[in-house]
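Chemist: My file is run-v9.txt. It has compact mmCIF, C-alpha atoms:
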```txt
# COMPACT_ATOMS: atom_id res chain seq x y z
CA MET A 1 0.00 0.00 0.00
CA ASN A 2 1.50 3.33 -1.04
CA ALA A 3 1.37 6.35 1.23
CA LEU A 4 -0.18 9.61 0.11
CA CYS A 5 2.04 12.29 1.59
CA THR A 6 0.53 15.78 1.67
CA ILE A 7 2.97 18.64 2.11
CA PRO A 8 1.93 21.94 3.69
CA LYS A 9 3.97 25.12 3.86
CA ASP A 10 2.91 26.79 7.08
CA ASP A 11 4.66 28.60 9.92
CA GLU A 12 2.93 26.37 12.51
CA VAL A 13 4.32 23.09 11.17
CA ASP A 14 5.94 21.03 13.94
CA PRO A 15 6.71 17.29 14.46
CA ASP A 16 3.68 16.61 16.68
CA GLU A 17 1.36 18.26 14.18
CA VAL A 18 2.90 16.31 11.29
CA ASN A 19 2.59 13.01 13.19
CA ALA A 20 -1.06 13.67 13.98
CA LEU A 21 -1.86 14.63 10.40
CA ALA A 22 -0.07 11.52 9.09
CA GLN A 23 -2.42 9.39 11.20
CA LEU A 24 -5.44 11.31 9.94
CA MET A 25 -4.25 10.81 6.35
CA THR A 26 -4.02 7.05 6.96
CA TRP A 27 -7.64 6.85 8.11
CA LYS A 28 -8.77 9.32 5.43
CA THR A 29 -7.47 7.26 2.51
CA ALA A 30 -9.01 4.15 4.06
CA VAL A 31 -12.41 5.83 4.45
CA ALA A 32 -12.15 7.08 0.86
CA ASN A 33 -11.40 3.47 -0.15
CA ILE A 34 -8.37 4.35 -2.25
CA PRO A 35 -5.25 2.13 -2.17
CA TYR A 36 -2.98 4.50 -0.26
CA GLY A 37 -1.64 4.51 3.25
CA GLY A 38 -0.96 7.85 4.90
CA ALA A 39 2.03 10.08 5.50
CA LYS A 40 2.74 13.74 6.08
CA GLY A 41 5.59 16.16 5.63
CA GLY A 42 5.86 19.90 5.84
CA ILE A 43 7.98 23.02 5.71
CA GLY A 44 7.83 25.48 8.58
CA CYS A 45 7.51 28.85 6.86
CA ASP A 46 5.03 31.56 5.95
CA PRO A 47 4.63 31.34 2.15
CA GLY A 48 3.09 34.82 2.06
CA GLN A 49 6.39 36.30 3.23
CA LEU A 50 8.51 34.59 0.55
CA SER A 51 9.08 35.50 -3.08
CA LEU A 52 8.21 33.10 -5.90
CA SER A 53 11.89 32.35 -6.51
CA GLU A 54 12.42 31.64 -2.80
CA LEU A 55 9.44 29.29 -2.76
CA GLU A 56 10.78 27.51 -5.85
CA ARG A 57 14.20 27.00 -4.26
CA LEU A 58 12.60 25.86 -1.00
CA THR A 59 10.43 23.33 -2.83
CA ARG A 60 13.33 21.97 -4.89
CA VAL A 61 15.59 21.55 -1.84
CA PHE A 62 12.81 19.89 0.16
CA THR A 63 12.16 17.48 -2.72
CA GLN A 64 15.86 16.63 -2.87
CA LYS A 65 15.91 15.94 0.88
CA ILE A 66 13.01 13.46 0.66
CA HIS A 67 14.16 12.02 -2.68
CA ASP A 68 14.74 8.54 -1.23
CA LEU A 69 11.34 8.46 0.47
CA ILE A 70 9.10 9.18 -2.52
CA GLY A 71 8.34 7.08 -5.56
CA VAL A 72 5.61 5.35 -7.53
CA SER A 73 5.53 2.42 -5.06
CA ARG A 74 6.39 4.47 -1.95
CA GLU A 75 5.21 7.89 -0.78
CA VAL A 76 3.27 9.90 -3.39
CA PRO A 77 3.30 13.60 -2.44
CA ALA A 78 0.17 15.73 -2.88
CA PRO A 79 -0.54 19.44 -2.27
CA ASP A 80 -1.73 20.84 1.05
CA MET A 81 -2.03 24.18 2.82
CA GLY A 82 0.22 26.87 1.36
CA THR A 83 1.07 24.87 -1.78
CA ASN A 84 -0.49 24.55 -5.23
CA ALA A 85 0.06 23.02 -8.66
CA LEU A 86 2.88 25.44 -9.44
CA PHE A 87 5.04 24.19 -6.57
CA HIS A 88 4.36 20.57 -7.45
CA GLY A 89 5.55 21.30 -10.96
CA TYR A 90 8.99 21.85 -9.42
CA SER A 91 9.03 18.30 -8.05
CA ARG A 92 9.45 14.85 -9.52
CA ALA A 93 6.71 13.48 -11.77
CA VAL A 94 5.59 11.06 -9.03
CA VAL A 95 3.81 13.88 -7.19
CA THR A 96 0.11 14.55 -7.69
CA GLY A 97 -1.50 17.95 -7.92
CA LYS A 98 0.82 18.85 -10.81
CA PRO A 99 0.05 21.55 -13.40
CA ILE A 100 -2.14 20.24 -16.23
CA ASP A 101 0.66 20.75 -18.76
CA LEU A 102 2.93 18.47 -16.71
CA GLY A 103 0.48 15.56 -16.47
CA GLY A 104 -1.81 16.82 -13.72
CA SER A 105 -5.51 16.05 -13.53
CA LEU A 106 -8.36 18.26 -14.55
CA GLY A 107 -10.51 19.03 -11.53
CA ARG A 108 -7.70 18.50 -8.99
CA GLU A 109 -7.57 22.13 -7.83
CA ALA A 110 -11.28 22.12 -7.02
CA ALA A 111 -11.38 18.53 -5.78
CA THR A 112 -11.31 19.01 -2.00
CA GLY A 113 -13.96 21.75 -2.09
CA ARG A 114 -16.10 19.91 -4.60
CA GLY A 115 -15.79 16.78 -2.47
CA VAL A 116 -17.03 18.80 0.51
CA PHE A 117 -20.05 19.78 -1.59
CA PHE A 118 -20.77 16.14 -2.48
CA ALA A 119 -20.34 15.11 1.17
CA THR A 120 -22.73 17.86 2.29
CA GLU A 121 -25.22 16.79 -0.35
CA ALA A 122 -25.08 13.18 0.89
CA LEU A 123 -25.53 14.28 4.52
CA LEU A 124 -28.54 16.46 3.74
CA ASN A 125 -30.13 13.73 1.61
CA GLU A 126 -29.85 11.39 4.61
CA HIS A 127 -31.94 13.91 6.57
CA GLY A 128 -34.52 14.37 3.81
CA LYS A 129 -33.13 17.73 2.74
CA SER A 130 -31.36 19.11 -0.34
CA ILE A 131 -28.83 21.86 -0.98
CA ALA A 132 -31.51 24.13 -2.46
CA GLY A 133 -33.07 26.45 0.07
CA GLN A 134 -30.58 25.73 2.86
CA ARG A 135 -28.53 28.47 4.51
CA PHE A 136 -24.76 27.99 4.69
CA VAL A 137 -21.88 29.67 6.52
CA VAL A 138 -18.40 29.14 5.07
CA GLN A 139 -15.50 29.55 7.51
CA GLY A 140 -12.39 29.94 5.38
CA PHE A 141 -12.72 31.09 1.78
CA GLY A 142 -9.48 29.73 0.38
CA ASN A 143 -8.96 26.86 -2.03
CA VAL A 144 -11.41 24.57 -0.23
CA GLY A 145 -14.11 26.94 1.00
CA SER A 146 -14.38 28.89 -2.24
CA TRP A 147 -14.67 25.76 -4.37
CA ALA A 148 -17.34 24.36 -2.02
CA ALA A 149 -19.30 27.62 -2.02
CA GLN A 150 -19.57 27.75 -5.82
CA PRO A 151 -21.58 24.52 -6.38
CA ILE A 152 -23.61 25.24 -3.23
CA SER A 153 -24.63 28.57 -4.73
CA GLU A 154 -25.16 27.09 -8.20
CA ASN A 155 -27.48 24.43 -6.76
CA GLY A 156 -29.76 26.83 -4.92
CA GLY A 157 -28.04 26.97 -1.54
CA LYS A 158 -27.83 30.37 0.15
CA VAL A 159 -24.39 31.28 1.51
CA VAL A 160 -25.24 33.90 4.14
CA ALA A 161 -21.80 34.42 5.72
CA VAL A 162 -18.17 33.95 4.74
CA SER A 163 -15.03 34.52 6.77
CA ASP A 164 -11.34 34.25 6.03
CA ILE A 165 -8.04 35.45 7.44
CA SER A 166 -8.82 39.02 6.41
CA GLY A 167 -12.27 39.31 8.00
CA ALA A 168 -15.89 38.30 7.47
CA ILE A 169 -19.01 39.38 5.60
CA LYS A 170 -22.65 38.39 5.94
CA ASN A 171 -25.88 38.91 4.06
CA GLY A 172 -29.07 37.25 5.23
CA LYS A 173 -30.42 37.34 1.67
CA GLY A 174 -27.40 35.47 0.35
CA ILE A 175 -23.94 36.49 -0.84
CA ASP A 176 -23.13 36.81 -4.55
CA ILE A 177 -20.43 34.13 -4.61
CA PRO A 178 -19.08 34.82 -8.16
CA SER A 179 -18.61 38.49 -7.25
CA LEU A 180 -16.98 37.61 -3.94
CA LEU A 181 -14.53 35.27 -5.66
CA LYS A 182 -13.23 38.14 -7.76
CA HIS A 183 -12.24 40.05 -4.63
CA SER A 184 -11.33 37.32 -2.17
CA VAL A 185 -7.94 36.73 -0.64
CA ALA A 186 -6.95 33.07 -0.20
CA ASN A 187 -7.42 31.83 3.37
CA HIS A 188 -5.03 29.48 5.14
CA GLY A 189 -7.14 27.16 7.31
CA VAL A 190 -6.06 26.38 10.86
CA LYS A 191 -6.76 23.64 13.41
CA GLY A 192 -8.97 24.19 16.40
CA VAL A 193 -11.27 26.72 14.71
CA ILE A 194 -14.18 25.34 16.74
CA ASN A 195 -13.20 25.10 20.40
CA ARG A 196 -14.76 25.01 23.84
CA GLU A 197 -14.78 28.82 23.99
CA ASN A 198 -17.06 29.25 20.95
CA ALA A 199 -18.87 25.91 20.62
CA ASN A 200 -21.85 27.03 22.69
CA GLU A 201 -22.37 30.01 20.37
CA ILE A 202 -22.77 27.86 17.26
CA LYS A 203 -26.36 27.62 16.07
CA ALA A 204 -25.83 25.43 13.00
CA LYS A 205 -27.61 22.07 12.79
CA PHE A 206 -24.88 20.57 10.62
CA ILE A 207 -21.10 21.13 10.56
CA VAL A 208 -19.04 19.83 7.65
CA GLU A 209 -15.33 19.74 8.46
CA ALA A 210 -13.59 20.92 5.30
CA ALA A 211 -10.27 21.48 7.14
CA ASN A 212 -8.16 18.93 9.02
CA HIS A 213 -9.27 18.50 12.67
CA PRO A 214 -10.90 21.93 12.97
CA THR A 215 -12.98 20.89 15.99
CA ASP A 216 -11.34 20.44 19.39
CA PRO A 217 -12.40 17.34 21.38
CA GLU A 218 -14.01 19.55 24.03
CA ALA A 219 -16.03 21.39 21.38
CA ASP A 220 -16.97 18.08 19.78
CA GLU A 221 -18.51 16.93 23.06
CA ILE A 222 -20.36 20.22 23.57
CA LEU A 223 -21.80 20.16 20.05
CA SER A 224 -22.79 16.51 20.37
CA LYS A 225 -24.80 17.30 23.50
CA LYS A 226 -26.51 20.14 21.62
CA GLY A 227 -27.58 17.69 18.91
CA VAL A 228 -25.37 19.17 16.19
CA THR A 229 -24.46 16.69 13.43
CA ILE A 230 -20.76 16.86 12.50
CA LEU A 231 -19.51 15.37 9.25
CA PRO A 232 -15.89 14.51 10.14
CA ASP A 233 -12.82 15.71 8.30
CA ILE A 234 -11.43 12.28 7.41
CA TYR A 235 -14.47 11.77 5.20
CA ALA A 236 -15.66 15.28 4.33
CA ASN A 237 -12.38 16.62 2.93
CA SER A 238 -11.17 13.42 1.27
CA GLY A 239 -12.00 14.68 -2.23
CA GLY A 240 -8.49 16.04 -2.78
CA ALA A 241 -6.84 12.74 -1.89
CA THR A 242 -9.36 10.90 -4.07
CA VAL A 243 -8.61 12.98 -7.16
CA SER A 244 -4.89 12.66 -6.43
CA TYR A 245 -5.52 8.93 -6.81
CA PHE A 246 -7.36 9.57 -10.08
CA GLU A 247 -4.37 11.59 -11.33
CA TRP A 248 -2.06 8.75 -10.37
CA VAL A 249 -3.99 6.06 -12.31
CA GLN A 250 -5.79 7.75 -15.19
CA GLY A 251 -3.03 7.44 -17.82
CA PHE A 252 -4.64 9.34 -20.67
CA MET A 253 -6.11 12.49 -19.17
CA TRP A 254 -9.76 12.20 -18.17
CA ASP A 255 -12.06 15.09 -18.99
CA GLU A 256 -13.24 17.15 -16.04
CA GLU A 257 -16.79 15.81 -16.18
CA LYS A 258 -15.49 12.26 -15.75
CA VAL A 259 -13.29 13.32 -12.82
CA ASN A 260 -16.21 15.06 -11.09
CA ASN A 261 -18.63 12.21 -11.72
CA LYS A 262 -16.21 9.65 -10.31
CA LEU A 263 -15.54 11.92 -7.34
CA ARG A 264 -19.27 12.16 -6.64
CA THR A 265 -19.51 8.36 -6.77
CA TYR A 266 -16.64 7.91 -4.32
CA MET A 267 -18.00 10.54 -1.91
CA THR A 268 -21.54 9.14 -2.06
CA ASN A 269 -20.36 5.57 -1.52
CA GLY A 270 -18.07 6.75 1.26
CA PHE A 271 -20.99 8.31 3.11
CA LYS A 272 -23.01 5.11 2.77
CA ASP A 273 -20.09 3.10 4.18
CA VAL A 274 -19.70 5.47 7.14
CA LYS A 275 -23.44 5.33 7.87
CA GLU A 276 -23.39 1.55 7.74
CA MET A 277 -20.59 1.53 10.32
CA CYS A 278 -22.65 3.94 12.47
CA ARG A 279 -25.62 1.58 12.37
CA THR A 280 -23.43 -1.42 13.18
CA HIS A 281 -21.83 0.20 16.22
CA ASN A 282 -24.62 2.62 17.18
CA CYS A 283 -22.25 5.59 17.07
CA ASP A 284 -21.96 9.08 15.60
CA LEU A 285 -20.44 9.94 12.22
CA ARG A 286 -16.97 10.69 13.58
CA MET A 287 -16.66 7.37 15.38
CA GLY A 288 -18.22 5.62 12.38
CA ALA A 289 -15.63 7.13 10.03
CA PHE A 290 -12.71 6.24 12.31
CA SER A 291 -14.06 2.71 12.78
CA LEU A 292 -14.36 2.30 9.02
CA GLY A 293 -10.82 3.55 8.44
CA VAL A 294 -9.24 1.44 11.18
CA ASN A 295 -11.12 -1.69 10.05
CA ARG A 296 -9.97 -1.25 6.46
CA VAL A 297 -6.35 -0.70 7.48
CA ALA A 298 -6.50 -3.74 9.77
CA ARG A 299 -7.97 -5.83 6.96
CA ALA A 300 -5.24 -4.70 4.53
CA THR A 301 -2.60 -5.49 7.17
CA ILE A 302 -3.90 -9.04 7.52
CA LEU A 303 -4.07 -9.54 3.75
CA ARG A 304 -0.45 -8.34 3.46
CA GLY A 305 0.59 -10.90 6.08
CA TRP A 306 1.81 -8.17 8.45
CA GLU A 307 -0.36 -9.06 11.45
CA ALA A 308 1.41 -9.90 14.70
```
Translate the structure described by the file into structure tokens.
Modeler:
Amino acid sequence: MNALCTIPKDDEVDPDEVNALAQLMTWKTAVANIPYGGAKGGIGCDPGQLSLSELERLTRVFTQKIHDLIGVSREVPAPDMGTNALFHGYSRAVVTGKPIDLGGSLGREAATGRGVFFATEALLNEHGKSIAGQRFVVQGFGNVGSWAAQPISENGGKVVAVSDISGAIKNGKGIDIPSLLKHSVANHGVKGVINRENANEIKAKFIVEAANHPTDPEADEILSKKGVTILPDIYANSGGATVSYFEWVQGFMWDEEKVNNKLRTYMTNGFKDVKEMCRTHNCDLRMGAFSLGVNRVARATILRGWEA
């Protein structure tokens, strides 16, 4: 089983954070049912403070340092916070999230956000609702939030508030998302956005975790007691990893419609699998997703002959 290794550039990167995210990536790829393990690497820096040439040199040196760790049958790097297709164009061809002209996949840039949309759609359908007519708040309007907001708006959902690193706006009648996109500044998501200090103030019925572990354990418990349904990160934001897998296997480039249709299928099936685990163990969606991921990794371990 190969490991999908996502690489953020962020000034808060530290070994404990990388270890935790590597574990989350392991369960995420298992929940997504793609044949990867999980790994993580990162560069501790603030990309916004570096020039393009500095970022290029940083990326090339980092790639050289991990040269022996990556490969078609080993770790397969993918983009994460603070990186994009341009930086992955500086790396070896084994990486995913490459520019289209260098063998990347159509739909990869939007994949995590579009996957969040498909996950939200599946969750609402489970509760007898649809995107149309629902009110949405998007915390973080960067590469994930902005791409999720677009199909929500296009399918009749009303985005009433948006926040990012620069501030927040709200409009009870709905925000013009295409106009906002023209003026937005990319947001860098952070962990612990929902914590015990603000959890009691949240009035949403559903929370879809588009970032990695944005909800502190204390907040998770508070929200659970309030009856808030949380769609966990290891399922909800797995669209990027899924389309990285598509890029890895597609050979001749798929058209974007095919990529999006296959992504919808994976996200829809993933939700069904998580719900089945919830019914089996009488648990919430987070525990169901973790149970699904751990069970699939355990099964793969046995099939590989690696069990103790």
Chemist: Just give me the gap between atom CA of Met253 of chain A and atom CA of Ser146 of chain A in Å, one decimal is fine.
Modeler: 25.0 Å
Chemist: Separation of atom CA of Val18 of chain A and atom CA of Asn212 of chain A, in Å?
Modeler: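 So the two atoms, atom CA of Val18 of chain A and atom CA of Asn212 of chain A, lie 11.6 Å apart.
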Chemist: Would you please work out which residue, of A:Val160, A:Ile177, A:Ile202, A:Leu69, is nearest to Thr229 of chain A when using all atoms listed in the file?
Modeler: A:Ile202
Chemist: Closest to Asn143 of chain A among A:Pro178, A:Pro217, A:Gly113, A:Gly38, using all atoms listed in the file?
Modeler: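 So, comparing all the options, the nearest one is A:Gly113.
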Chemist: If we count all atoms listed in the file, what is near Gly172 of chain A at a cut-off of 10 Å, once residues fewer than 6 positions away on the same chain are taken out, given as a PyMOL selection string?
Modeler: chain A and resi 135+158-161
Chemist: As an exercise, work out the distance from atom CA of Ile194 of chain A to atom CA of Asp216 of chain A in Å and give it to one decimal place.
Modeler: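 Atom CA of Asp216 of chain A lies 6.3 Å from atom CA of Ile194 of chain A.
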Chemist: Let me make sure I understand: among A:Pro47, A:Gly104, A:Gly71, A:Pro214, which one has the smallest atom-to-atom distance to Glu247 of chain A if we use only C-alpha atoms?
Modeler: A:Gly104
Chemist: (-18.2, 21.7, 27.4) in this file's frame - what residues fall within 12 Å of it? Use all atoms listed in the file and give the answer as a list in words.
Modeler: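 Applying the cut-off with all atoms listed in the file, one gets Ile194, Asn195, Arg196, Glu197, Asn198, Ala199, Asn200, Glu201, Asp216, Pro217, Glu218, Ala219, Asp220, Glu221, Ile222, Leu223, Ser224, Lys225 and Lys226 of chain A.
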Chemist: If we count all atoms listed in the file, what is near Met267 of chain A at a cut-off of 12 Å, once residues fewer than 6 positions away on the same chain are taken out, given as a ChimeraX atom specification?
Modeler: /A:28-29,31-34,111-123,234-243,260-261,273-274
Chemist: Just checking: using all atoms listed in the file, which residue out of A:Ile165, A:Leu50, A:Ala22, A:Ala110 ends up closest to Glu256 of chain A?
Modeler: A:Ala110
Chemist: Using all atoms listed in the file, find all polymer residues with an atom at most 6 Å away from the point (-11.5, 31.8, 5.3); report them as number ranges by chain.
Modeler: A: 139-142, 163-165, 187
Chemist: Do you know which residues are at most 9 Å from segment 295-308 of chain A counting all atoms listed in the file, after dropping those on the same chain fewer than 6 positions away, and could you put them as a PyMOL selection string?
Modeler: chain A and resi 1+26-27+30-31+33+37
Chemist: Closest to Phe290 of chain A among A:Val138, A:Val249, A:Leu231, A:Val259, using only C-alpha atoms?
Modeler: A:Leu231
Chemist: Excluding same-chain residues fewer than 2 positions from Gln134 of chain A, what lies within 9 Å of it counting all atoms listed in the file, as a ChimeraX atom specification?
Modeler: /A:129-132,136,156-159
Chemist: Box in all listed atoms of segment 160-164 of chain A, axis-aligned, with 6 Å more on each side; write out centre and edge lengths in Å to one decimal as AutoDock Vina command-line options.
Modeler:
```
--center_x -18.3 --center_y 34.2 --center_z 5.5 --size_x 25.9 --size_y 12.6 --size_z 14.6
```
Chemist: Calculated over all atoms listed in the file, which of the candidates A:Gly293, A:Val228, A:Asn19, A:Ile43 has the smallest distance to Lys205 of chain A?
Modeler: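 Once distances to Lys205 of chain A are computed over all atoms listed in the file, the minimum belongs to A:Val228.
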